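Chemist: target-v3.cif is reproduced in full below (mmCIF, C-alpha atoms).
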data_query
#
loop_
_atom_site.group_PDB
_atom_site.id
_atom_site.type_symbol
_atom_site.label_atom_id
_atom_site.label_comp_id
_atom_site.auth_asym_id
_atom_site.auth_seq_id
_atom_site.Cartn_x
_atom_site.Cartn_y
_atom_site.Cartn_z
ATOM 1 C CA MET C 1 47.052 -11.414 -11.764
ATOM 2 C CA ASN C 2 45.877 -13.181 -8.673
ATOM 3 C CA ARG C 3 45.303 -9.925 -6.951
ATOM 4 C CA ILE C 4 43.129 -8.379 -9.654
ATOM 5 C CA LEU C 5 41.069 -11.545 -10.199
ATOM 6 C CA PRO C 6 38.604 -10.789 -7.356
ATOM 7 C CA LEU C 7 38.331 -7.236 -8.653
ATOM 8 C CA ILE C 8 37.467 -8.508 -12.138
ATOM 9 C CA ALA C 9 34.883 -10.872 -10.642
ATOM 10 C CA PHE C 10 33.394 -8.014 -8.640
ATOM 11 C CA ILE C 11 33.226 -5.694 -11.643
ATOM 12 C CA ALA C 12 31.590 -8.440 -13.734
ATOM 13 C CA LEU C 13 28.967 -9.029 -11.045
ATOM 14 C CA ALA C 14 28.362 -5.307 -10.609
ATOM 15 C CA ALA C 15 27.952 -4.920 -14.384
ATOM 16 C CA LEU C 16 25.428 -7.781 -14.455
ATOM 17 C CA LEU C 17 23.375 -6.259 -11.647
ATOM 18 C CA PHE C 18 23.599 -2.798 -13.240
ATOM 19 C CA VAL C 19 22.257 -4.134 -16.546
ATOM 20 C CA GLY C 20 19.453 -5.894 -14.658
ATOM 21 C CA VAL C 21 18.476 -2.719 -12.843
ATOM 22 C CA ARG C 22 18.671 -0.627 -16.008
ATOM 23 C CA MET C 23 16.466 -3.091 -17.887
ATOM 24 C CA ASN C 24 13.718 -2.603 -15.330
ATOM 25 C CA SER C 25 14.132 1.075 -14.521
ATOM 26 C CA GLY C 26 11.252 3.310 -15.473
ATOM 27 C CA LYS C 27 9.113 0.261 -16.150
ATOM 28 C CA ASP C 28 6.149 -0.778 -14.102
ATOM 29 C CA THR C 29 7.291 -4.225 -13.009
ATOM 30 C CA SER C 30 3.767 -5.180 -11.954
ATOM 31 C CA ALA C 31 2.550 -4.784 -15.544
ATOM 32 C CA ILE C 32 2.591 -8.060 -17.416
ATOM 33 C CA PRO C 33 3.412 -7.872 -21.132
ATOM 34 C CA SER C 34 0.474 -8.968 -23.248
ATOM 35 C CA PRO C 35 1.014 -11.997 -25.481
ATOM 36 C CA LEU C 36 -1.913 -10.748 -27.584
ATOM 37 C CA ILE C 37 0.077 -7.949 -29.259
ATOM 38 C CA GLY C 38 0.195 -8.622 -32.990
ATOM 39 C CA LYS C 39 -2.521 -11.261 -32.753
ATOM 40 C CA PRO C 40 -6.206 -11.107 -33.678
ATOM 41 C CA ALA C 41 -8.313 -9.643 -30.879
ATOM 42 C CA PRO C 42 -10.399 -12.157 -28.907
ATOM 43 C CA ALA C 43 -14.163 -12.070 -29.385
ATOM 44 C CA LEU C 44 -16.151 -9.329 -27.672
ATOM 45 C CA ASN C 45 -19.391 -11.202 -27.384
ATOM 46 C CA LEU C 46 -20.793 -9.302 -24.417
ATOM 47 C CA PRO C 47 -24.045 -7.495 -23.588
ATOM 48 C CA GLU C 48 -24.117 -3.727 -23.851
ATOM 49 C CA LEU C 49 -24.526 -1.740 -20.675
ATOM 50 C CA GLN C 50 -27.464 0.464 -21.687
ATOM 51 C CA THR C 51 -29.211 -2.153 -23.808
ATOM 52 C CA PRO C 52 -28.338 -5.597 -22.432
ATOM 53 C CA GLU C 53 -30.510 -7.398 -24.957
ATOM 54 C CA SER C 54 -28.373 -6.271 -27.889
ATOM 55 C CA ARG C 55 -25.259 -8.390 -28.000
ATOM 56 C CA MET C 56 -22.461 -6.819 -29.885
ATOM 57 C CA ALA C 57 -20.095 -9.014 -31.810
ATOM 58 C CA SER C 58 -16.556 -7.814 -32.370
ATOM 59 C CA SER C 59 -17.224 -8.145 -36.094
ATOM 60 C CA GLU C 60 -19.313 -4.966 -35.898
ATOM 61 C CA LEU C 61 -16.167 -3.038 -35.046
ATOM 62 C CA LYS C 62 -14.182 -4.685 -37.810
ATOM 63 C CA GLY C 63 -12.661 -2.331 -40.311
ATOM 64 C CA ARG C 64 -12.277 0.423 -37.739
ATOM 65 C CA ALA C 65 -9.493 0.986 -35.269
ATOM 66 C CA PHE C 66 -10.663 1.474 -31.713
ATOM 67 C CA VAL C 67 -9.508 1.795 -28.143
ATOM 68 C CA LEU C 68 -10.789 -0.679 -25.563
ATOM 69 C CA ASN C 69 -10.726 0.729 -22.063
ATOM 70 C CA VAL C 70 -11.303 -1.564 -19.087
ATOM 71 C CA TRP C 71 -12.956 0.238 -16.192
ATOM 72 C CA GLY C 72 -15.199 -0.258 -13.197
ATOM 73 C CA SER C 73 -17.066 2.017 -10.836
ATOM 74 C CA TRP C 74 -15.053 0.414 -8.004
ATOM 75 C CA CYS C 75 -11.758 1.383 -9.617
ATOM 76 C CA VAL C 76 -10.134 4.469 -8.128
ATOM 77 C CA SER C 77 -7.482 4.911 -10.833
ATOM 78 C CA CYS C 78 -10.244 4.918 -13.463
ATOM 79 C CA ARG C 79 -11.411 8.256 -12.053
ATOM 80 C CA VAL C 80 -7.888 9.587 -12.454
ATOM 81 C CA GLU C 81 -7.716 8.583 -16.102
ATOM 82 C CA HIS C 82 -11.324 9.559 -16.907
ATOM 83 C CA PRO C 83 -10.471 13.090 -18.185
ATOM 84 C CA ILE C 84 -7.780 11.614 -20.433
ATOM 85 C CA ILE C 85 -10.221 9.064 -21.868
ATOM 86 C CA THR C 86 -12.714 11.897 -22.408
ATOM 87 C CA ASP C 87 -10.118 13.947 -24.306
ATOM 88 C CA LEU C 88 -9.192 10.910 -26.372
ATOM 89 C CA ALA C 89 -12.845 10.362 -27.319
ATOM 90 C CA LYS C 90 -13.282 14.076 -28.136
ATOM 91 C CA SER C 91 -10.312 13.902 -30.497
ATOM 92 C CA GLY C 92 -12.347 11.519 -32.638
ATOM 93 C CA ALA C 93 -11.116 8.127 -31.455
ATOM 94 C CA ILE C 94 -13.658 5.345 -30.961
ATOM 95 C CA VAL C 95 -13.361 4.375 -27.317
ATOM 96 C CA VAL C 96 -15.166 1.197 -26.318
ATOM 97 C CA GLY C 97 -15.712 0.824 -22.588
ATOM 98 C CA TYR C 98 -15.207 -2.574 -21.002
ATOM 99 C CA ASN C 99 -17.135 -2.501 -17.751
ATOM 100 C CA TYR C 100 -15.302 -5.063 -15.648
ATOM 101 C CA LYS C 101 -16.802 -6.789 -12.594
ATOM 102 C CA ASP C 102 -19.398 -4.160 -11.999
ATOM 103 C CA THR C 103 -23.156 -3.944 -11.649
ATOM 104 C CA PRO C 104 -25.142 -2.038 -14.313
ATOM 105 C CA GLU C 105 -26.581 0.242 -11.581
ATOM 106 C CA ASP C 106 -23.177 1.224 -10.187
ATOM 107 C CA ALA C 107 -21.743 1.651 -13.684
ATOM 108 C CA SER C 108 -24.594 3.910 -14.795
ATOM 109 C CA ARG C 109 -24.309 5.995 -11.635
ATOM 110 C CA TRP C 110 -20.570 6.400 -12.225
ATOM 111 C CA LEU C 111 -21.168 7.522 -15.815
ATOM 112 C CA ALA C 112 -23.867 9.969 -14.709
ATOM 113 C CA GLN C 113 -21.462 11.456 -12.183
ATOM 114 C CA PHE C 114 -18.338 11.733 -14.334
ATOM 115 C CA GLY C 115 -19.714 11.744 -17.896
ATOM 116 C CA ASN C 116 -19.756 9.033 -20.536
ATOM 117 C CA PRO C 117 -16.891 9.240 -23.033
ATOM 118 C CA PHE C 118 -17.553 5.787 -24.521
ATOM 119 C CA ALA C 119 -19.001 5.109 -27.960
ATOM 120 C CA LEU C 120 -20.195 1.766 -26.651
ATOM 121 C CA ILE C 121 -19.954 -0.010 -23.319
ATOM 122 C CA LEU C 122 -19.700 -3.751 -22.934
ATOM 123 C CA GLN C 123 -20.542 -5.367 -19.685
ATOM 124 C CA ASP C 124 -18.555 -8.219 -18.182
ATOM 125 C CA THR C 125 -20.132 -8.773 -14.788
ATOM 126 C CA ASP C 126 -18.367 -11.971 -13.758
ATOM 127 C CA GLY C 127 -15.051 -11.272 -15.493
ATOM 128 C CA ARG C 128 -15.064 -14.557 -17.406
ATOM 129 C CA ALA C 129 -14.597 -13.022 -20.874
ATOM 130 C CA ALA C 130 -11.800 -10.848 -19.472
ATOM 131 C CA LEU C 131 -9.623 -13.940 -19.096
ATOM 132 C CA ASP C 132 -9.493 -14.287 -22.900
ATOM 133 C CA TRP C 133 -8.090 -10.772 -23.100
ATOM 134 C CA GLY C 134 -5.548 -11.355 -20.354
ATOM 135 C CA ILE C 135 -7.240 -8.671 -18.282
ATOM 136 C CA TYR C 136 -6.401 -8.817 -14.599
ATOM 137 C CA GLY C 137 -7.514 -5.492 -13.262
ATOM 138 C CA ALA C 138 -8.664 -2.005 -14.124
ATOM 139 C CA PRO C 139 -7.788 0.274 -15.718
ATOM 140 C CA GLU C 140 -6.287 -1.483 -18.701
ATOM 141 C CA THR C 141 -6.308 -0.134 -22.231
ATOM 142 C CA PHE C 142 -5.941 -1.880 -25.594
ATOM 143 C CA VAL C 143 -5.624 -0.515 -29.117
ATOM 144 C CA ILE C 144 -7.156 -2.699 -31.840
ATOM 145 C CA ASP C 145 -6.444 -1.745 -35.445
ATOM 146 C CA ALA C 146 -8.756 -1.791 -38.470
ATOM 147 C CA ASP C 147 -7.750 -5.372 -39.242
ATOM 148 C CA GLY C 148 -8.833 -6.499 -35.781
ATOM 149 C CA ILE C 149 -5.266 -6.984 -34.549
ATOM 150 C CA VAL C 150 -4.290 -6.027 -30.990
ATOM 151 C CA ARG C 151 -1.531 -3.438 -31.354
ATOM 152 C CA PHE C 152 -0.987 -2.051 -27.893
ATOM 153 C CA LYS C 153 -1.804 -2.673 -24.273
ATOM 154 C CA HIS C 154 -1.300 -0.508 -21.242
ATOM 155 C CA VAL C 155 -1.869 -1.616 -17.661
ATOM 156 C CA GLY C 156 -2.759 1.148 -15.215
ATOM 157 C CA PRO C 157 -4.119 4.653 -15.728
ATOM 158 C CA LEU C 158 -3.369 6.330 -19.050
ATOM 159 C CA THR C 159 -1.343 9.516 -19.194
ATOM 160 C CA THR C 160 -1.370 12.210 -21.874
ATOM 161 C CA GLU C 161 2.144 11.094 -22.865
ATOM 162 C CA ILE C 162 0.969 7.532 -23.554
ATOM 163 C CA VAL C 163 -2.024 8.810 -25.519
ATOM 164 C CA ASN C 164 0.087 11.199 -27.618
ATOM 165 C CA GLU C 165 3.110 8.969 -28.142
ATOM 166 C CA LYS C 166 1.564 5.508 -28.455
ATOM 167 C CA ILE C 167 -2.198 5.481 -28.930
ATOM 168 C CA LEU C 168 -2.824 8.369 -31.343
ATOM 169 C CA PRO C 169 -0.039 7.352 -33.794
ATOM 170 C CA LEU C 170 -1.473 3.811 -33.920
ATOM 171 C CA LEU C 171 -4.974 5.105 -34.570
ATOM 172 C CA LYS C 172 -3.698 7.438 -37.312
ATOM 173 C CA GLU C 173 -1.882 4.534 -38.901
ATOM 174 C CA SER C 174 -5.137 2.649 -39.463
ATOM 175 C CA PRO C 175 -8.149 4.961 -39.470
ATOM 176 C CA MET Q 1 -8.383 -7.979 34.063
ATOM 177 C CA ARG Q 2 -7.594 -5.557 31.287
ATOM 178 C CA THR Q 3 -4.407 -7.443 30.474
ATOM 179 C CA LEU Q 4 -6.341 -10.705 30.291
ATOM 180 C CA PHE Q 5 -8.883 -9.083 27.976
ATOM 181 C CA GLY Q 6 -6.022 -7.797 25.861
ATOM 182 C CA ILE Q 7 -4.515 -11.262 25.614
ATOM 183 C CA PHE Q 8 -7.852 -12.740 24.536
ATOM 184 C CA LEU Q 9 -8.263 -10.002 21.967
ATOM 185 C CA MET Q 10 -4.812 -10.687 20.558
ATOM 186 C CA MET Q 11 -5.495 -14.410 20.409
ATOM 187 C CA GLY Q 12 -8.730 -13.682 18.600
ATOM 188 C CA LEU Q 13 -6.854 -11.622 16.019
ATOM 189 C CA LEU Q 14 -4.303 -14.387 15.700
ATOM 190 C CA PHE Q 15 -6.930 -16.889 14.672
ATOM 191 C CA ALA Q 16 -8.898 -14.410 12.573
ATOM 192 C CA GLY Q 17 -6.089 -14.561 10.013
ATOM 193 C CA ASP Q 18 -6.507 -18.295 9.735
ATOM 194 C CA ALA Q 19 -9.627 -18.181 7.558
ATOM 195 C CA PRO Q 20 -9.361 -20.622 4.655
ATOM 196 C CA ALA Q 21 -7.925 -18.980 1.544
ATOM 197 C CA LEU Q 22 -9.625 -21.338 -0.901
ATOM 198 C CA ASP Q 23 -13.268 -21.163 -1.742
ATOM 199 C CA PRO Q 24 -15.150 -24.307 -0.944
ATOM 200 C CA ILE Q 25 -14.891 -26.162 -4.229
ATOM 201 C CA GLU Q 26 -16.859 -29.349 -4.513
ATOM 202 C CA TYR Q 27 -14.484 -31.840 -6.017
ATOM 203 C CA ARG Q 28 -15.781 -34.817 -7.891
ATOM 204 C CA SER Q 29 -13.041 -37.042 -6.557
ATOM 205 C CA SER Q 30 -9.966 -36.856 -4.378
ATOM 206 C CA ALA Q 31 -7.857 -37.401 -7.502
ATOM 207 C CA GLU Q 32 -9.388 -34.290 -9.043
ATOM 208 C CA GLU Q 33 -8.745 -32.357 -5.836
ATOM 209 C CA MET Q 34 -5.093 -33.407 -5.760
ATOM 210 C CA ARG Q 35 -4.552 -32.593 -9.415
ATOM 211 C CA PHE Q 36 -6.264 -29.225 -9.062
ATOM 212 C CA LYS Q 37 -4.261 -28.243 -5.993
ATOM 213 C CA ALA Q 38 -0.980 -29.289 -7.608
ATOM 214 C CA LEU Q 39 -1.772 -27.320 -10.770
ATOM 215 C CA ALA Q 40 -2.989 -24.231 -8.909
ATOM 216 C CA SER Q 41 0.200 -24.099 -6.849
ATOM 217 C CA GLU Q 42 2.307 -24.176 -10.042
ATOM 218 C CA LEU Q 43 0.569 -21.168 -11.556
ATOM 219 C CA ARG Q 44 1.527 -17.676 -10.562
ATOM 220 C CA CYS Q 45 -1.071 -15.096 -9.645
ATOM 221 C CA VAL Q 46 -0.927 -12.196 -12.123
ATOM 222 C CA MET Q 47 -2.009 -9.576 -9.606
ATOM 223 C CA CYS Q 48 -0.008 -10.514 -6.527
ATOM 224 C CA GLN Q 49 3.204 -11.664 -8.066
ATOM 225 C CA ASN Q 50 4.717 -13.509 -5.148
ATOM 226 C CA GLN Q 51 1.834 -15.901 -4.704
ATOM 227 C CA SER Q 52 0.477 -18.828 -6.635
ATOM 228 C CA ILE Q 53 -3.170 -18.779 -7.655
ATOM 229 C CA ALA Q 54 -3.746 -21.405 -4.950
ATOM 230 C CA ASP Q 55 -2.401 -19.097 -2.235
ATOM 231 C CA SER Q 56 -3.855 -15.809 -3.351
ATOM 232 C CA ASN Q 57 -7.112 -14.251 -2.252
ATOM 233 C CA ALA Q 58 -7.184 -11.760 -5.114
ATOM 234 C CA PRO Q 59 -10.402 -11.891 -7.167
ATOM 235 C CA ILE Q 60 -8.428 -12.599 -10.345
ATOM 236 C CA ALA Q 61 -6.761 -15.584 -8.660
ATOM 237 C CA HIS Q 62 -10.217 -16.900 -7.817
ATOM 238 C CA ASP Q 63 -11.306 -16.445 -11.439
ATOM 239 C CA LEU Q 64 -8.194 -18.241 -12.677
ATOM 240 C CA ARG Q 65 -8.757 -21.134 -10.239
ATOM 241 C CA MET Q 66 -12.306 -21.525 -11.513
ATOM 242 C CA GLU Q 67 -11.026 -21.419 -15.081
ATOM 243 C CA VAL Q 68 -8.413 -24.080 -14.335
ATOM 244 C CA LEU Q 69 -11.089 -26.302 -12.779
ATOM 245 C CA ARG Q 70 -13.394 -25.737 -15.753
ATOM 246 C CA LEU Q 71 -10.633 -26.673 -18.205
ATOM 247 C CA MET Q 72 -9.775 -29.758 -16.133
ATOM 248 C CA ARG Q 73 -13.380 -30.874 -16.304
ATOM 249 C CA GLU Q 74 -13.343 -30.290 -20.053
ATOM 250 C CA GLY Q 75 -10.704 -32.979 -20.132
ATOM 251 C CA ARG Q 76 -7.681 -30.834 -20.942
ATOM 252 C CA SER Q 77 -4.250 -31.993 -19.843
ATOM 253 C CA ASP Q 78 -2.046 -30.054 -17.409
ATOM 254 C CA SER Q 79 0.218 -28.799 -20.188
ATOM 255 C CA GLU Q 80 -2.785 -27.745 -22.283
ATOM 256 C CA ILE Q 81 -4.154 -25.753 -19.363
ATOM 257 C CA LYS Q 82 -0.784 -24.080 -18.824
ATOM 258 C CA GLN Q 83 -0.557 -23.282 -22.537
ATOM 259 C CA TYR Q 84 -4.080 -21.821 -22.420
ATOM 260 C CA LEU Q 85 -3.076 -19.429 -19.650
ATOM 261 C CA VAL Q 86 0.278 -18.558 -21.252
ATOM 262 C CA GLU Q 87 -1.554 -17.554 -24.457
ATOM 263 C CA ARG Q 88 -3.552 -15.041 -22.420
ATOM 264 C CA TYR Q 89 -1.228 -13.940 -19.629
ATOM 265 C CA SER Q 90 2.243 -14.737 -21.082
ATOM 266 C CA ASP Q 91 5.007 -16.860 -19.523
ATOM 267 C CA PHE Q 92 4.470 -14.818 -16.423
ATOM 268 C CA VAL Q 93 1.933 -17.297 -15.065
ATOM 269 C CA LEU Q 94 4.537 -20.061 -15.004
ATOM 270 C CA TYR Q 95 6.975 -20.301 -12.137
ATOM 271 C CA GLU Q 96 9.320 -22.244 -14.413
ATOM 272 C CA PRO Q 97 10.009 -20.238 -17.567
ATOM 273 C CA PRO Q 98 10.375 -22.319 -20.746
ATOM 274 C CA LEU Q 99 13.844 -22.791 -22.215
ATOM 275 C CA ARG Q 100 14.376 -20.526 -25.216
ATOM 276 C CA LYS Q 101 16.588 -17.754 -26.571
ATOM 277 C CA GLY Q 102 15.762 -15.147 -23.953
ATOM 278 C CA THR Q 103 15.932 -17.534 -21.006
ATOM 279 C CA TRP Q 104 18.919 -19.800 -21.663
ATOM 280 C CA LEU Q 105 21.202 -17.782 -19.380
ATOM 281 C CA LEU Q 106 18.647 -18.175 -16.608
ATOM 282 C CA TRP Q 107 18.784 -21.936 -16.935
ATOM 283 C CA ALA Q 108 22.480 -22.359 -17.736
ATOM 284 C CA GLY Q 109 23.773 -19.588 -15.437
ATOM 285 C CA PRO Q 110 24.103 -21.656 -12.235
ATOM 286 C CA PHE Q 111 25.966 -24.409 -14.095
ATOM 287 C CA LEU Q 112 28.292 -21.880 -15.739
ATOM 288 C CA LEU Q 113 29.073 -20.396 -12.335
ATOM 289 C CA LEU Q 114 29.701 -23.885 -10.981
ATOM 290 C CA LEU Q 115 32.164 -24.492 -13.818
ATOM 291 C CA VAL Q 116 33.983 -21.211 -13.114
ATOM 292 C CA GLY Q 117 34.170 -22.108 -9.420
ATOM 293 C CA ALA Q 118 35.432 -25.616 -10.165
ATOM 294 C CA ALA Q 119 38.112 -24.200 -12.475
ATOM 295 C CA GLY Q 120 39.168 -21.801 -9.717
ATOM 296 C CA VAL Q 121 39.448 -24.589 -7.142
ATOM 297 C CA PHE Q 122 41.370 -26.781 -9.597
ATOM 298 C CA MET Q 123 43.870 -24.021 -10.361
ATOM 299 C CA THR Q 124 44.373 -23.184 -6.691
ATOM 300 C CA ILE Q 125 45.042 -26.832 -5.809
ATOM 301 C CA LYS Q 126 47.491 -27.142 -8.691
ATOM 302 C CA ARG Q 127 49.366 -24.043 -7.581
ATOM 303 C CA LYS Q 128 49.518 -25.156 -3.942
ATOM 304 C CA ASN Q 129 50.858 -28.515 -5.049
ATOM 305 C CA ARG Q 130 53.623 -26.858 -7.012
ATOM 306 C CA GLU Q 131 54.508 -24.659 -4.046
ATOM 307 C CA ALA Q 132 54.634 -27.732 -1.811
ATOM 308 C CA ILE Q 133 57.180 -29.369 -4.124
ATOM 309 C CA GLN Q 134 59.315 -26.255 -4.174
ATOM 310 C CA PRO Q 135 59.042 -24.966 -0.608
ATOM 311 C CA ASP Q 136 61.905 -22.558 -1.098
ATOM 312 C CA ALA Q 137 61.331 -21.169 -4.545
ATOM 313 C CA HIS Q 138 63.544 -18.176 -4.125
ATOM 314 C CA PRO Q 139 66.412 -19.213 -1.829
ATOM 315 C CA ASN Q 140 68.602 -16.272 -2.723
ATOM 316 C CA GLU Q 141 65.991 -13.635 -2.222
ATOM 317 C CA GLU Q 142 66.840 -11.164 0.464
ATOM 318 C CA TRP Q 143 64.178 -9.527 2.570
#
Please re-express this file's structure in structure tokens.
Modeler:
Amino acid sequence: MNRILPLIAFIALAALLFVGVRMNSGKDTSAIPSPLIGKPAPALNLPELQTPESRMASSELKGRAFVLNVWGSWCVSCRVEHPIITDLAKSGAIVVGYNYKDTPEDASRWLAQFGNPFALILQDTDGRAALDWGIYGAPETFVIDADGIVRFKHVGPLTTEIVNEKILPLLKESP
Amino acid sequence: MRTLFGIFLMMGLLFAGDAPALDPIEYRSSAEEMRFKALASELRCVMCQNQSIADSNAPIAHDLRMEVLRLMREGRSDSEIKQYLVERYSDFVLYEPPLRKGTWLLWAGPFLLLLVGAAGVFMTIKRKNREAIQPDAHPNEEW
């Protein structure tokens, strides 16, 4: 008994560490889970990029599910995910662009260069409103359902797998 | 000469890293400054996860510092400010996670291990004591 006790202790410790590693494997540990999931989306009271004088309230999007994509012309990964966002928009999804910490000139130049997949672009120059959404970088992507509830958040560039397995089913669920 | 120049260059680089990390905030009082610095060092930066928002130079840390200061000036308490950030960025922003179902092992774990260790020590001492009383437990045993 005394001889196997250290072995038991070792196996228990190894099992604990194994479970810990397995819990985090395949996950991006730098991505923070959003506490907004399942809660009403924060207000989107921001100026539009092309027409800054028209302020869009989130109530205008109420009743329709949409994707909110945080991007900036300074963001390298946003270029990587741009074709995926474009495909998503072409498939009929409403994609709202959230231009984060950018200047209107740089943003417009970026859109002219790569194409504009967004139904609407909101501009958050100083990043103050982003705090209400728990945004801390770009790209980040949210799915908001027809009832105005945040259903999904992804930190980092989107992949076709995420779009097909997570985003499209949620959009189909509430058209 | 070249070596001397090299040394000066290295010293210059040494001090270049010493630039102040905090933006010059104009505090209304030294009490406000102390409270702000204490609070900022208790909140974790969401971008650079091993730094507090007081230590980090990331733009988001700057935004969060400004938000904390704004909330302080609105008259919110420390716990209200923490709650405000938790609602947006989850428990992640706290260095001390709150005690609840998913975190009890985290809090109780060290004490449980201490108990196991104490039990081990107790049992060992008891056994040694017994052996001391019976120094020759097996007198007839042949080797």
Chemist: I need the contact residues of chain C against chain Q, so if you could list those with any atom within 9 Å, counting all atoms listed in the file, and return them as a PyMOL selection string, that would help.
Modeler: chain C and resi 30-36+126-128+131-137
Chemist: Would you pick out the contacts of Ala119 in chain C at 8 Å or less, using only C-alpha atoms, so that residues sharing its chain but fewer than 4 positions from it are not included, and give the list as a list of chain:residue names?
Modeler: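 Using only C-alpha atoms, the neighbours found are C:Ile94, C:Val95, C:Val96, C:Gly97.
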Chemist: Could you give me, as JSON lines, a per-residue list for range 4-47 of chain C showing, wherever an atom lies at most 12 Å from an atom of range 95-115 of chain Q, the closest pair of atoms and their distance in Å to one decimal, using all atoms listed in the file and sorting by chain then residue number from low to high?
Modeler:
{"residue": "C:Ala9", "atom": "CA", "partner": "Q:Leu113", "partner_atom": "CA", "distance": 11.3}
{"residue": "C:Leu13", "atom": "CA", "partner": "Q:Leu113", "partner_atom": "CA", "distance": 11.4}
{"residue": "C:Leu16", "atom": "CA", "partner": "Q:Leu105", "partner_atom": "CA", "distance": 11.9}
Chemist: Running the PyMOL selection byres ((chain C and resi 117) around 9) on this model by hand, what would come out? Give it as a ChimeraX atom specification.
Modeler: /C:82-83,85-90,95-97,111,115-116,118-120
Chemist: Tell me, in Å to one decimal, how far CA of Pro42 in chain C is from CA of Phe142 in chain C.
Modeler: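 Computing it gives 11.7 Å between the two atoms.
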Chemist: Could you tell me which of C:Phe18, C:Tyr98, C:Trp74, C:Phe152 comes closest to Leu170 in chain C if we count only C-alpha atoms?
Modeler: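 That would be C:Phe152, the residue with the smallest distance to Leu170 in chain C.
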Chemist: Pull N, CA and C atoms for range 92-106 of chain Q from the block and write them as a PDB file, in the first residue's frame.
Modeler:
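Final output, saved to selection-v7.pdb:
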ATOM      1  N   PHE Q  92     -13.039  37.458 -16.951  1.00  0.00           N
ATOM      2  CA  PHE Q  92     -11.666  37.511 -17.419  1.00  0.00           C
ATOM      3  C   PHE Q  92     -10.919  38.758 -16.955  1.00  0.00           C
ATOM      4  N   VAL Q  93     -11.620  39.858 -16.819  1.00  0.00           N
ATOM      5  CA  VAL Q  93     -10.948  41.115 -16.460  1.00  0.00           C
ATOM      6  C   VAL Q  93     -10.543  41.151 -14.990  1.00  0.00           C
ATOM      7  N   LEU Q  94     -11.059  40.190 -14.209  1.00  0.00           N
ATOM      8  CA  LEU Q  94     -10.711  40.182 -12.786  1.00  0.00           C
ATOM      9  C   LEU Q  94      -9.557  39.220 -12.563  1.00  0.00           C
ATOM     10  N   TYR Q  95      -8.599  39.643 -11.763  1.00  0.00           N
ATOM     11  CA  TYR Q  95      -7.524  38.711 -11.409  1.00  0.00           C
ATOM     12  C   TYR Q  95      -8.025  37.696 -10.387  1.00  0.00           C
ATOM     13  N   GLU Q  96      -8.968  38.108  -9.554  1.00  0.00           N
ATOM     14  CA  GLU Q  96      -9.556  37.190  -8.579  1.00  0.00           C
ATOM     15  C   GLU Q  96     -10.928  36.763  -9.064  1.00  0.00           C
ATOM     16  N   PRO Q  97     -11.061  35.511  -9.540  1.00  0.00           N
ATOM     17  CA  PRO Q  97     -12.375  35.078 -10.006  1.00  0.00           C
ATOM     18  C   PRO Q  97     -13.363  34.953  -8.844  1.00  0.00           C
ATOM     19  N   PRO Q  98     -14.640  35.272  -9.083  1.00  0.00           N
ATOM     20  CA  PRO Q  98     -15.622  35.168  -8.002  1.00  0.00           C
ATOM     21  C   PRO Q  98     -15.884  33.711  -7.640  1.00  0.00           C
ATOM     22  N   LEU Q  99     -16.287  33.490  -6.407  1.00  0.00           N
ATOM     23  CA  LEU Q  99     -16.554  32.130  -5.925  1.00  0.00           C
ATOM     24  C   LEU Q  99     -17.930  31.683  -6.410  1.00  0.00           C
ATOM     25  N   ARG Q 100     -17.956  30.689  -7.277  1.00  0.00           N
ATOM     26  CA  ARG Q 100     -19.225  30.059  -7.655  1.00  0.00           C
ATOM     27  C   ARG Q 100     -18.979  28.656  -8.185  1.00  0.00           C
ATOM     28  N   LYS Q 101     -20.017  28.023  -8.725  1.00  0.00           N
ATOM     29  CA  LYS Q 101     -19.966  26.597  -9.027  1.00  0.00           C
ATOM     30  C   LYS Q 101     -18.724  26.189  -9.829  1.00  0.00           C
ATOM     31  N   GLY Q 102     -18.410  26.946 -10.851  1.00  0.00           N
ATOM     32  CA  GLY Q 102     -17.298  26.555 -11.712  1.00  0.00           C
ATOM     33  C   GLY Q 102     -15.930  26.857 -11.119  1.00  0.00           C
ATOM     34  N   THR Q 103     -15.879  27.620 -10.045  1.00  0.00           N
ATOM     35  CA  THR Q 103     -14.579  28.068  -9.538  1.00  0.00           C
ATOM     36  C   THR Q 103     -14.264  27.591  -8.120  1.00  0.00           C
ATOM     37  N   TRP Q 104     -15.175  26.784  -7.526  1.00  0.00           N
ATOM     38  CA  TRP Q 104     -14.945  26.440  -6.117  1.00  0.00           C
ATOM     39  C   TRP Q 104     -13.669  25.622  -5.920  1.00  0.00           C
ATOM     40  N   LEU Q 105     -13.362  24.756  -6.922  1.00  0.00           N
ATOM     41  CA  LEU Q 105     -12.161  23.931  -6.796  1.00  0.00           C
ATOM     42  C   LEU Q 105     -10.906  24.798  -6.799  1.00  0.00           C
ATOM     43  N   LEU Q 106     -10.983  25.871  -7.594  1.00  0.00           N
ATOM     44  CA  LEU Q 106      -9.876  26.824  -7.678  1.00  0.00           C
ATOM     45  C   LEU Q 106      -9.581  27.443  -6.316  1.00  0.00           C
TER      46      LEU Q 106
END
